[in-house]
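> Data: protein-v6.tsv, TSV, C-alpha atoms and all ligand atoms.
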chain	number	residue	atom	x	y	z
U	59	MET	CA	0.00	0.00	0.00
U	60	SER	CA	2.69	2.42	1.04
U	61	ARG	CA	4.52	1.56	-2.16
U	62	ILE	CA	1.54	2.56	-4.27
U	63	ASN	CA	1.18	5.73	-2.25
U	64	TRP	CA	4.80	6.51	-2.79
U	65	LEU	CA	4.51	5.91	-6.52
U	66	LEU	CA	1.44	8.11	-6.68
U	67	MET	CA	3.24	10.91	-4.92
U	68	LEU	CA	6.21	10.56	-7.17
U	69	SER	CA	4.17	10.70	-10.35
U	70	ALA	CA	2.19	13.65	-9.02
U	71	SER	CA	5.34	15.59	-8.27
U	72	VAL	CA	6.87	14.72	-11.62
U	73	LEU	CA	3.69	15.88	-13.30
U	74	SER	CA	3.56	19.14	-11.40
U	75	LEU	CA	7.23	19.77	-12.11
U	76	ALA	CA	6.60	19.19	-15.80
U	77	LEU	CA	3.61	21.51	-15.70
U	78	MET	CA	5.60	24.17	-13.88
U	79	SER	CA	8.40	24.13	-16.39
U	80	GLN	CA	5.85	24.21	-19.19
U	81	GLN	CA	4.25	27.22	-17.60
U	82	ALA	CA	7.60	28.82	-17.07
U	83	TYR	CA	8.28	28.40	-20.73
U	84	CYS	CA	5.03	30.04	-21.75
U	85	ASN	CA	5.22	32.90	-19.31
U	86	ASP	CA	6.98	35.97	-20.45
U	87	SER	CA	8.80	36.32	-17.14
U	88	THR	CA	11.88	38.11	-18.36
U	89	GLU	CA	12.03	40.90	-15.82
U	90	GLN	CA	15.47	40.19	-14.52
U	91	ILE	CA	17.57	40.16	-17.67
U	92	ASN	CA	15.75	43.13	-19.15
U	93	ASN	CA	16.56	45.20	-16.08
U	94	ASP	CA	20.20	44.33	-16.49
U	95	SER	CA	22.42	47.40	-16.31
U	96	CYS	CA	23.44	46.81	-19.95
U	97	MET	CA	19.90	47.66	-20.99
U	98	LYS	CA	20.41	51.24	-19.92
U	99	CYS	CA	22.36	51.86	-23.10
U	100	HIS	CA	21.27	48.90	-25.19
U	101	LYS	CA	17.55	49.72	-25.28
U	102	ARG	CA	17.64	50.12	-29.01
U	103	ASN	CA	18.69	46.50	-29.39
U	104	GLY	CA	15.25	45.58	-28.20
U	105	LYS	CA	14.18	43.44	-25.30
U	106	MET	CA	15.79	40.11	-24.59
U	107	GLN	CA	13.00	37.59	-25.18
U	108	GLY	CA	12.81	33.89	-25.76
U	109	HIS	CA	13.81	30.96	-23.61
U	110	HIS	CA	17.16	32.32	-22.52
U	111	ALA	CA	15.50	35.37	-21.00
U	112	LEU	CA	13.50	33.35	-18.47
U	113	ASP	CA	14.05	34.49	-14.91
U	114	GLU	CA	14.26	30.85	-13.84
U	115	LEU	CA	17.49	30.48	-15.78
U	116	ASN	CA	18.96	33.37	-13.88
U	117	LEU	CA	20.99	34.60	-16.81
U	118	SER	CA	22.40	38.05	-17.27
U	119	CYS	CA	23.85	39.54	-20.43
U	120	SER	CA	27.31	38.80	-19.15
U	121	SER	CA	26.51	35.10	-18.73
U	122	CYS	CA	26.99	34.75	-22.46
U	123	HIS	CA	28.68	37.94	-23.60
U	124	GLY	CA	31.27	38.06	-20.84
U	125	GLU	CA	32.18	40.81	-18.37
U	126	LYS	CA	31.90	44.42	-19.45
U	127	GLY	CA	35.54	45.25	-18.69
U	128	ASN	CA	36.73	48.04	-20.90
U	129	HIS	CA	33.54	48.26	-22.93
U	130	PRO	CA	32.49	50.50	-24.67
U	131	LYS	CA	36.16	51.29	-25.21
U	132	LYS	CA	38.06	49.03	-27.54
U	133	PRO	CA	39.67	46.59	-27.29
U	134	ASN	CA	37.51	44.77	-24.76
U	135	ASP	CA	36.69	41.22	-23.80
U	136	LEU	CA	33.03	41.25	-24.69
U	137	MET	CA	31.95	38.37	-26.90
U	138	VAL	CA	29.95	38.99	-30.02
U	139	PHE	CA	28.18	36.05	-31.58
U	140	SER	CA	27.76	36.33	-35.30
U	141	ALA	CA	29.18	35.14	-38.59
U	142	ASP	CA	31.38	38.23	-38.88
U	143	SER	CA	32.56	38.11	-35.29
U	144	ASP	CA	36.33	38.27	-34.83
U	145	LEU	CA	36.08	35.44	-32.37
U	146	ALA	CA	37.00	31.93	-33.36
U	147	VAL	CA	34.11	29.52	-33.79
U	148	ALA	CA	35.34	27.43	-30.87
U	149	THR	CA	35.46	30.45	-28.57
U	150	GLN	CA	31.94	31.46	-29.50
U	151	ASN	CA	30.59	27.95	-29.11
U	152	ASN	CA	32.30	27.35	-25.78
U	153	ALA	CA	30.01	29.98	-24.31
U	154	CYS	CA	27.00	27.86	-25.31
U	155	LEU	CA	28.69	24.66	-24.22
U	156	THR	CA	28.96	26.03	-20.69
U	157	CYS	CA	25.40	24.79	-20.26
U	158	HIS	CA	24.65	22.64	-23.31
U	159	ILE	CA	26.06	19.12	-23.42
U	160	PRO	CA	27.30	17.91	-26.84
U	161	LYS	CA	25.82	14.43	-26.37
U	162	LYS	CA	22.36	15.85	-25.74
U	163	LEU	CA	22.65	18.27	-28.65
U	164	ALA	CA	23.61	15.39	-30.91
U	165	ASP	CA	20.70	13.27	-29.73
U	166	THR	CA	18.23	16.01	-30.58
U	167	GLU	CA	19.78	16.94	-33.92
U	168	TRP	CA	22.52	15.01	-35.70
U	169	THR	CA	23.78	18.02	-37.64
U	170	HIS	CA	25.23	19.43	-34.39
U	171	ASN	CA	27.91	16.74	-34.53
U	172	VAL	CA	29.25	17.48	-37.96
U	173	HIS	CA	29.27	21.24	-37.55
U	174	ALA	CA	30.65	21.37	-34.02
U	175	GLU	CA	34.05	22.71	-35.02
U	176	LYS	CA	33.14	24.61	-38.15
U	177	VAL	CA	30.04	26.67	-37.61
U	178	ALA	CA	29.11	29.02	-34.80
U	179	CYS	CA	25.88	28.13	-33.00
U	180	SER	CA	24.68	31.63	-33.85
U	181	ALA	CA	24.87	30.82	-37.57
U	182	CYS	CA	21.64	28.88	-37.13
U	183	HIS	CA	20.28	29.86	-33.71
U	184	GLN	CA	18.92	33.20	-32.51
U	185	LEU	CA	18.58	33.67	-28.78
U	186	HIS	CA	17.29	37.20	-28.44
U	187	PRO	CA	13.93	37.00	-30.27
U	188	GLN	CA	10.90	35.32	-28.76
U	189	ALA	CA	11.14	32.32	-31.08
U	190	ASP	CA	14.22	30.69	-32.52
U	191	ARG	CA	13.29	30.20	-36.16
U	192	ILE	CA	15.48	27.12	-36.62
U	193	MET	CA	13.41	25.19	-34.08
U	194	THR	CA	10.25	25.26	-36.17
U	195	LEU	CA	11.44	24.64	-39.72
U	196	THR	CA	9.42	22.54	-42.14
U	197	THR	CA	11.32	19.71	-43.82
U	198	LYS	CA	11.60	21.79	-46.97
U	199	GLN	CA	12.93	24.85	-45.13
U	200	ARG	CA	15.35	22.58	-43.36
U	201	SER	CA	16.99	21.42	-46.60
U	202	ASP	CA	17.05	25.02	-47.79
U	203	GLU	CA	18.95	25.86	-44.64
U	204	CYS	CA	21.67	23.30	-45.56
U	205	GLN	CA	21.91	24.83	-49.01
U	206	ARG	CA	22.75	28.25	-47.61
U	207	CYS	CA	26.30	26.93	-47.32
U	208	HIS	CA	26.37	23.61	-49.14
U	209	SER	CA	25.85	24.34	-52.78
U	210	VAL	CA	28.08	24.01	-55.77
U	211	GLN	CA	27.99	25.67	-59.14
U	212	ARG	CA	26.49	23.63	-61.95
C	87	MET	CA	29.67	-46.12	-98.98
C	88	GLU	CA	30.27	-46.58	-95.31
C	89	ASN	CA	31.89	-43.17	-95.24
C	90	SER	CA	29.19	-41.29	-97.07
C	91	ARG	CA	26.53	-42.80	-94.79
C	92	ARG	CA	28.42	-41.69	-91.72
C	93	ASP	CA	28.86	-38.26	-93.28
C	94	PHE	CA	25.14	-38.01	-93.95
C	95	LEU	CA	24.31	-38.96	-90.37
C	96	ARG	CA	26.79	-36.50	-88.98
C	97	ARG	CA	25.44	-33.66	-91.09
C	98	THR	CA	21.83	-34.42	-90.23
C	99	CYS	CA	22.63	-34.48	-86.54
C	100	ALA	CA	24.44	-31.18	-86.78
C	101	LEU	CA	21.50	-29.64	-88.59
C	102	VAL	CA	18.96	-30.88	-86.04
C	103	ALA	CA	21.14	-29.66	-83.20
C	104	GLY	CA	21.57	-26.31	-84.85
C	105	VAL	CA	17.86	-25.84	-85.44
C	106	SER	CA	16.92	-26.85	-81.93
C	107	VAL	CA	19.49	-24.58	-80.30
C	108	SER	CA	18.95	-21.53	-82.44
C	109	PRO	CA	15.75	-20.20	-80.81
C	110	PHE	CA	17.54	-20.15	-77.46
C	111	ALA	CA	20.49	-18.49	-79.01
C	112	ALA	CA	18.27	-15.73	-80.39
C	113	ASN	CA	16.73	-15.19	-76.94
C	114	GLY	CA	20.03	-15.26	-75.19
C	115	THR	CA	21.86	-12.71	-77.30
C	116	THR	CA	21.52	-9.04	-76.65
C	117	ASP	CA	19.89	-8.32	-80.00
C	118	THR	CA	17.06	-6.31	-78.47
C	119	GLU	CA	19.44	-4.59	-76.10
C	120	THR	CA	21.83	-3.45	-78.78
C	121	GLU	CA	18.95	-1.76	-80.59
C	122	GLN	CA	17.97	0.03	-77.41
C	123	ALA	CA	19.50	3.50	-77.65
C	124	ILE	CA	18.69	4.60	-74.11
C	125	LYS	CA	19.45	2.84	-70.88
C	126	TYR	CA	18.99	5.17	-67.95
C	127	ALA	CA	21.02	4.85	-64.78
C	128	ILE	CA	21.79	6.98	-61.76
C	129	ILE	CA	24.87	7.56	-59.61
C	130	HIS	CA	24.76	8.59	-55.97
C	131	ASP	CA	28.09	10.05	-54.97
C	132	GLU	CA	28.10	9.41	-51.24
C	133	THR	CA	31.29	11.40	-50.83
C	134	LYS	CA	29.40	14.52	-51.86
C	135	CYS	CA	26.09	13.82	-50.14
C	136	ILE	CA	25.40	15.95	-47.06
C	137	GLY	CA	22.15	14.25	-46.08
C	138	CYS	CA	20.08	17.37	-46.60
C	139	ASN	CA	17.08	15.40	-47.89
C	140	ALA	CA	16.33	17.94	-50.60
C	141	CYS	CA	16.13	15.08	-53.10
C	142	ALA	CA	13.51	13.21	-51.13
C	143	GLU	CA	11.47	16.39	-50.66
C	144	ALA	CA	11.64	17.27	-54.34
C	145	CYS	CA	10.63	13.75	-55.32
C	146	ARG	CA	7.59	13.89	-53.06
C	147	GLU	CA	6.51	17.24	-54.45
C	148	THR	CA	7.11	16.51	-58.13
C	149	ASN	CA	5.63	13.04	-58.18
C	150	HIS	CA	2.82	13.74	-55.67
C	151	VAL	CA	4.00	11.02	-53.33
C	152	PRO	CA	1.65	11.01	-50.32
C	153	GLU	CA	2.96	11.47	-46.78
C	154	GLY	CA	3.83	8.24	-45.02
C	155	VAL	CA	5.35	6.56	-48.07
C	156	SER	CA	8.33	7.55	-50.20
C	157	ARG	CA	10.00	6.72	-53.47
C	158	LEU	CA	13.31	7.93	-52.18
C	159	SER	CA	14.89	8.23	-48.78
C	160	ILE	CA	18.40	8.99	-47.64
C	161	GLU	CA	19.58	6.65	-44.95
C	162	LYS	CA	22.00	7.92	-42.38
C	163	THR	CA	24.50	5.87	-40.42
C	164	GLY	CA	26.80	7.20	-37.76
C	165	PRO	CA	28.11	9.25	-36.16
C	166	TYR	CA	31.58	7.88	-36.72
C	167	GLY	CA	34.63	9.26	-34.96
C	168	GLU	CA	34.90	11.21	-31.75
C	169	TYR	CA	33.23	14.52	-30.92
C	170	PRO	CA	33.86	17.19	-32.18
C	171	ASN	CA	35.28	15.44	-35.24
C	172	GLN	CA	32.41	13.31	-36.37
C	173	TYR	CA	30.84	12.33	-39.63
C	174	TYR	CA	27.98	10.30	-41.04
C	175	HIS	CA	27.44	8.15	-44.09
C	176	PHE	CA	24.45	8.61	-46.34
C	177	THR	CA	23.04	6.03	-48.71
C	178	ARG	CA	20.27	6.40	-51.22
C	179	HIS	CA	17.28	4.09	-50.82
C	180	SER	CA	15.23	3.97	-54.01
C	181	CYS	CA	14.49	1.70	-56.95
C	182	GLU	CA	17.67	0.42	-58.54
C	183	HIS	CA	16.04	-0.15	-61.95
C	184	CYS	CA	17.27	-3.73	-62.21
C	185	GLU	CA	17.83	-5.08	-65.69
C	186	ASP	CA	16.64	-8.46	-64.53
C	187	ALA	CA	13.94	-7.17	-62.21
C	188	PRO	CA	12.42	-9.63	-59.73
C	189	CYS	CA	9.44	-7.29	-59.27
C	190	VAL	CA	8.62	-7.57	-62.96
C	191	ASN	CA	9.24	-11.31	-63.05
C	192	VAL	CA	6.73	-12.05	-60.30
C	193	CYS	CA	3.98	-9.62	-61.32
C	194	PRO	CA	0.97	-11.73	-62.39
C	195	THR	CA	-0.83	-8.97	-64.29
C	196	GLY	CA	1.99	-7.28	-66.18
C	197	ALA	CA	1.52	-4.09	-64.18
C	198	ALA	CA	5.19	-4.10	-63.23
C	199	TYR	CA	7.16	-3.68	-66.42
C	200	ILE	CA	10.45	-2.59	-67.91
C	201	ASP	CA	10.14	0.13	-70.52
C	202	LYS	CA	11.90	-1.28	-73.58
C	203	LYS	CA	12.99	2.11	-74.89
C	204	THR	CA	14.60	3.41	-71.72
C	205	GLY	CA	15.16	0.46	-69.40
C	206	ILE	CA	13.07	2.23	-66.75
C	207	VAL	CA	11.27	-0.16	-64.41
C	208	SER	CA	7.79	1.18	-63.76
C	209	VAL	CA	4.23	0.32	-62.76
C	210	LYS	CA	1.01	0.58	-64.75
C	211	ALA	CA	-1.24	1.56	-61.87
C	212	ASP	CA	-4.44	0.59	-63.70
C	213	LYS	CA	-3.21	-2.97	-64.17
C	214	CYS	CA	-2.03	-3.44	-60.59
C	215	VAL	CA	-4.31	-5.54	-58.38
C	216	GLY	CA	-2.38	-4.79	-55.20
C	217	CYS	CA	-1.29	-8.38	-54.55
C	218	GLN	CA	2.06	-7.11	-53.25
C	219	TYR	CA	4.09	-9.92	-54.82
C	220	CYS	CA	6.49	-7.32	-56.14
C	221	LEU	CA	6.88	-5.72	-52.71
C	222	LEU	CA	8.11	-9.05	-51.39
C	223	ALA	CA	10.20	-9.90	-54.44
C	224	CYS	CA	12.19	-6.66	-54.52
C	225	PRO	CA	15.51	-7.46	-52.85
C	226	TYR	CA	16.05	-3.77	-52.17
C	227	ASP	CA	12.77	-3.36	-50.30
C	228	ILE	CA	11.84	-0.10	-51.93
C	229	ARG	CA	8.33	-0.73	-53.25
C	230	PHE	CA	5.18	0.35	-51.46
C	231	ILE	CA	1.45	0.51	-52.01
C	232	ASN	CA	0.44	4.05	-52.80
C	233	PRO	CA	-2.39	4.86	-50.37
C	234	VAL	CA	-4.07	7.07	-52.96
C	235	THR	CA	-3.88	4.93	-56.11
C	236	LYS	CA	-3.83	1.63	-54.15
C	237	ALA	CA	-1.28	0.39	-56.67
C	238	ALA	CA	2.35	-0.57	-56.15
C	239	ASP	CA	4.57	2.48	-56.51
C	240	LYS	CA	8.27	3.33	-56.65
C	241	CYS	CA	10.83	5.58	-58.33
C	242	ASP	CA	10.30	5.67	-62.08
C	243	PHE	CA	13.12	8.11	-62.83
C	244	CYS	CA	10.37	10.75	-63.06
C	245	GLN	CA	9.29	9.30	-66.42
C	246	GLU	CA	5.76	10.71	-66.04
C	247	THR	CA	6.87	14.09	-64.73
C	248	ASN	CA	10.28	15.70	-65.23
C	249	LEU	CA	11.53	13.40	-68.02
C	250	LYS	CA	8.40	14.13	-70.04
C	251	GLN	CA	9.22	17.82	-69.79
C	252	GLY	CA	12.76	17.19	-70.97
C	253	LYS	CA	14.20	17.87	-67.53
C	254	GLN	CA	16.47	15.88	-65.26
C	255	PRO	CA	14.73	13.86	-62.53
C	256	ALA	CA	13.56	16.05	-59.66
C	257	CYS	CA	16.03	14.61	-57.15
C	258	VAL	CA	18.97	15.21	-59.47
C	259	GLU	CA	17.83	18.71	-60.35
C	260	VAL	CA	17.59	19.84	-56.74
C	261	CYS	CA	20.69	18.25	-55.21
C	262	PRO	CA	22.78	21.18	-53.95
C	263	THR	CA	26.09	19.32	-54.06
C	264	ASN	CA	25.69	17.52	-57.39
C	265	ALA	CA	25.84	14.21	-55.58
C	266	LEU	CA	23.36	12.73	-58.06
C	267	VAL	CA	24.18	12.06	-61.71
C	268	PHE	CA	21.49	10.74	-64.02
C	269	GLY	CA	22.01	9.78	-67.63
C	270	ASN	CA	22.15	7.32	-70.45
C	271	LEU	CA	24.54	4.41	-70.10
C	272	LYS	CA	24.55	4.06	-73.89
C	273	ASP	CA	25.80	7.58	-74.48
C	274	PRO	CA	29.60	7.60	-74.22
C	275	ASN	CA	29.64	11.39	-74.03
C	276	SER	CA	27.30	11.61	-71.06
C	277	LEU	CA	28.41	12.86	-67.67
C	278	LEU	CA	27.07	9.58	-66.32
C	279	VAL	CA	29.44	7.46	-68.39
C	280	SER	CA	32.44	9.68	-67.79
C	281	THR	CA	31.72	9.68	-64.05
C	282	LEU	CA	31.48	5.90	-64.08
C	283	LYS	CA	34.75	5.67	-65.98
C	284	THR	CA	36.64	7.89	-63.58
C	285	ASN	CA	35.32	6.60	-60.26
C	286	ALA	CA	35.20	3.29	-58.50
C	287	THR	CA	31.55	2.45	-58.04
C	288	GLN	CA	29.55	-0.19	-56.26
C	289	ARG	CA	26.10	-1.62	-56.70
C	290	ASN	CA	23.93	-3.25	-54.07
C	291	LYS	CA	23.45	-7.02	-53.93
C	292	GLN	CA	25.06	-7.57	-57.31
C	293	ASP	CA	25.45	-11.24	-56.50
C	294	LEU	CA	21.70	-11.69	-56.94
C	295	GLY	CA	22.07	-11.16	-60.67
C	296	THR	CA	19.49	-8.36	-60.72
C	297	ARG	CA	21.89	-6.07	-62.60
C	298	PRO	CA	20.85	-2.90	-60.71
C	299	LYS	CA	21.45	0.52	-62.29
C	300	LEU	CA	21.95	2.58	-59.15
C	301	PHE	CA	25.68	3.11	-58.84
C	302	ARG	CA	27.25	4.22	-55.57
C	303	ILE	CA	30.47	6.13	-55.17
C	304	THR	CA	30.95	5.04	-51.59
C	305	ALA	CA	32.19	7.41	-48.93
C	306	LYS	CA	35.57	6.83	-47.47
C	307	PRO	CA	35.91	7.48	-43.77
C	308	GLY	CA	36.74	11.08	-43.14
C	309	GLU	CA	35.64	14.52	-44.03
C	310	ILE	CA	33.07	15.37	-46.63
C	311	SER	CA	34.60	18.09	-48.74
C	312	ILE	CA	32.33	20.74	-50.14
U	401	LIG	S1	15.02	-2.31	-57.14
U	401	LIG	FE1	13.20	-3.53	-56.66
U	401	LIG	S2	11.53	-2.37	-57.57
U	401	LIG	FE2	13.41	-1.59	-58.50
U	401	LIG	S3	13.66	-2.82	-60.38
U	401	LIG	FE3	14.83	-3.84	-58.76
U	401	LIG	S4	13.42	-5.35	-57.94
U	401	LIG	FE4	12.19	-3.90	-59.08
U	402	LIG	S1	14.22	9.91	-60.20
U	402	LIG	FE1	12.28	10.96	-59.79
U	402	LIG	S2	10.97	9.35	-58.95
U	402	LIG	FE2	13.08	8.60	-58.79
U	402	LIG	S3	13.76	9.23	-56.76
U	402	LIG	FE3	14.39	10.84	-58.17
U	402	LIG	S4	12.71	12.30	-58.07
U	402	LIG	FE4	11.92	10.40	-57.20
U	403	LIG	S1	19.90	16.28	-52.24
U	403	LIG	FE1	21.94	15.54	-52.73
U	403	LIG	S2	23.16	16.07	-50.92
U	403	LIG	FE2	21.03	16.27	-50.32
U	403	LIG	S3	20.55	14.26	-49.42
U	403	LIG	FE3	19.96	14.16	-51.59
U	403	LIG	S4	21.73	13.31	-52.62
U	403	LIG	FE4	22.42	13.98	-50.61
Could the structure of this file be written out as structure tokens, please?


Amino acid sequence: MSRINWLLMLSASVLSLALMSQQAYCNDSTEQINNDSCMKCHKRNGKMQGHHALDELNLSCSSCHGEKGNHPKKPNDLMVFSADSDLAVATQNNACLTCHIPKKLADTEWTHNVHAEKVACSACHQLHPQADRIMTLTTKQRSDECQRCHSVQR
Amino acid sequence: MENSRRDFLRRTCALVAGVSVSPFAANGTTDTETEQAIKYAIIHDETKCIGCNACAEACRETNHVPEGVSRLSIEKTGPYGEYPNQYYHFTRHSCEHCEDAPCVNVCPTGAAYIDKKTGIVSVKADKCVGCQYCLLACPYDIRFINPVTKAADKCDFCQETNLKQGKQPACVEVCPTNALVFGNLKDPNSLLVSTLKTNATQRNKQDLGTRPKLFRITAKPGEISI
């Protein structure tokens, strides 16, 4: 009897946890990161939205972009994630890999494996907007995405 | 006298033997094949394939292949190697347009046929009774029953669509890395023939004697260079 009770409790708590995280995902609770001191100047960049802005994650701008240091003077240690960033791909991606585990990334999407050393995460993923476009591609759009880089002249 | 009788017997025997063998000889030679000016084949260069699936998507769209079934799929194996230096292998899964096609041999209605002019193995949907003999007979396991037409279906080298419009098959047309080469085996100037001449190729289950016409340039372990 106690075993059944225990199982019931366990499943209930798992369920509620799942529901909570679901809710957290839907809620636009991004107070914290958007009150970051960086936002005082960077208003024009727009609000930080999307999953990475969730208060539950407790992220600040510097979690990914690094400490302000000398900024806005140059040179500084701030990290910029983009195709034309001066930073090496590995340096950019290491910031993401602080939290994301390669094995898990590979299990969700095999293309992570083959691009790990060659393409910056930001070449496909966008963290600032509410939705990351790459997560909701149709199969057709997905092949088009490959062709952005992989195409040869006929 | 003795001699001439023996001679006569010998000659008669030779004649009878010749007559009885000749029909087989006519069947066995490649008379019909030598007249055939077109024999389509396809090459999948696995060293160039990136597994983008554009070919499978284009095939579905062009040939109105319903969801849930497919004429063409790209099969992925891997990853090989250690992170972050990993790679996959991609193989094409589609009709191999066998010259001696088991699917055609077992079809009781003649719905499965080989087009004499082009060597394309295809299906006459209106003749198909859906018995699925061909599905079982195909050693490459690529045939399916089309849920819309209820007939057996498979790659037909786009003979009803792109080929009719004088275009390359949809999969070949769309491949971003030129991993697919389609052409006429009988045309010595075709890209197909020159590619076959300059690359080592493999074909699946050749030992079955099906004489498939899907050639593979197999990927060596290592990096795909694009
Ligand atoms: S691959 Fe299968 S369907 Fe295609 S010709 Fe050969 S036996 Fe027939
Ligand atoms: S040749 Fe045509 S039917 Fe065959 S796989 Fe390619 S697109 Fe599909
Ligand atoms: S379109 Fe070309 S590169 Fe892409 S999966 Fe098909 S054969 Fe491979």

> Define the interface residues of chain U facing chain C as those within 12 Å, counting all atoms listed in the file, and report them as an MDAnalysis selection string.

chainID U and resid 148 151 159:161 163:165 167:177 196:212

> Lys213 of chain C: which residues within 10 Å, counting all atoms listed in the file, same-chain residues fewer than 6 positions away excluded, as a list in words?

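In the requested form, the answer reads Pro194, Thr195, Gly196, Ala197, Ala198 and Ala237 of chain C.
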
> Output C-alpha atoms of each residue in that selection to a file, as a PDB file, in the coordinates of the input.


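result_15.pdb, freshly written:
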ATOM      1  CA  PRO C 194       0.970 -11.730 -62.390  1.00  0.00           C
ATOM      2  CA  THR C 195      -0.830  -8.970 -64.290  1.00  0.00           C
ATOM      3  CA  GLY C 196       1.990  -7.280 -66.180  1.00  0.00           C
ATOM      4  CA  ALA C 197       1.520  -4.090 -64.180  1.00  0.00           C
ATOM      5  CA  ALA C 198       5.190  -4.100 -63.230  1.00  0.00           C
ATOM      6  CA  ALA C 237      -1.280   0.390 -56.670  1.00  0.00           C
TER       7      ALA C 237
END

> For atom CA of Ala146 of chain U and atom CA of Gln184 of chain U, quote the distance in Å rounded to one decimal.

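Computing it gives 18.1 Å between the two atoms.
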
> Of the candidates C:Glu153, C:Glu182, C:Asp201, C:Glu132, which one gets nearest to ligand LIG 401 (chain U) if we count only C-alpha atoms and all ligand atoms?

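Under the stated criterion, the closest residue is C:Glu182.
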
> Could you list the protein, DNA and RNA residues that have any atom within 8 Å of ligand LIG 402 (chain U), counting only C-alpha atoms and all ligand atoms, and write them as an NGL selection string?

:C and (141-142 or 144-146 or 148-149 or 157-158 or 180-181 or 240-245 or 247-248 or 255-258)

> With C-alpha atoms retained, export the selected residues as a PDB file, in the coordinates of the input.


ATOM      1  CA  CYS C 141      16.130  15.080 -53.100  1.00  0.00           C
ATOM      2  CA  ALA C 142      13.510  13.210 -51.130  1.00  0.00           C
ATOM      3  CA  ALA C 144      11.640  17.270 -54.340  1.00  0.00           C
ATOM      4  CA  CYS C 145      10.630  13.750 -55.320  1.00  0.00           C
ATOM      5  CA  ARG C 146       7.590  13.890 -53.060  1.00  0.00           C
ATOM      6  CA  THR C 148       7.110  16.510 -58.130  1.00  0.00           C
ATOM      7  CA  ASN C 149       5.630  13.040 -58.180  1.00  0.00           C
ATOM      8  CA  ARG C 157      10.000   6.720 -53.470  1.00  0.00           C
ATOM      9  CA  LEU C 158      13.310   7.930 -52.180  1.00  0.00           C
ATOM     10  CA  SER C 180      15.230   3.970 -54.010  1.00  0.00           C
ATOM     11  CA  CYS C 181      14.490   1.700 -56.950  1.00  0.00           C
ATOM     12  CA  LYS C 240       8.270   3.330 -56.650  1.00  0.00           C
ATOM     13  CA  CYS C 241      10.830   5.580 -58.330  1.00  0.00           C
ATOM     14  CA  ASP C 242      10.300   5.670 -62.080  1.00  0.00           C
ATOM     15  CA  PHE C 243      13.120   8.110 -62.830  1.00  0.00           C
ATOM     16  CA  CYS C 244      10.370  10.750 -63.060  1.00  0.00           C
ATOM     17  CA  GLN C 245       9.290   9.300 -66.420  1.00  0.00           C
ATOM     18  CA  THR C 247       6.870  14.090 -64.730  1.00  0.00           C
ATOM     19  CA  ASN C 248      10.280  15.700 -65.230  1.00  0.00           C
ATOM     20  CA  PRO C 255      14.730  13.860 -62.530  1.00  0.00           C
ATOM     21  CA  ALA C 256      13.560  16.050 -59.660  1.00  0.00           C
ATOM     22  CA  CYS C 257      16.030  14.610 -57.150  1.00  0.00           C
ATOM     23  CA  VAL C 258      18.970  15.210 -59.470  1.00  0.00           C
TER      24      VAL C 258
END

> Kindly compile the residues surrounding ligand LIG 401 (chain U) within 12 Å, counting all atoms listed in the file, and format them as number ranges by chain.

C: 127, 157-158, 178-193, 197-201, 205-209, 218-231, 238-243, 289-292, 294-300

> Find the distance between atom CA of Ile303 of chain C and atom FE4 of ligand LIG 403 (chain U) and write it in Å to one decimal.

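Going from atom CA of Ile303 of chain C over to atom FE4 of ligand LIG 403 (chain U), I get 12.1 Å.
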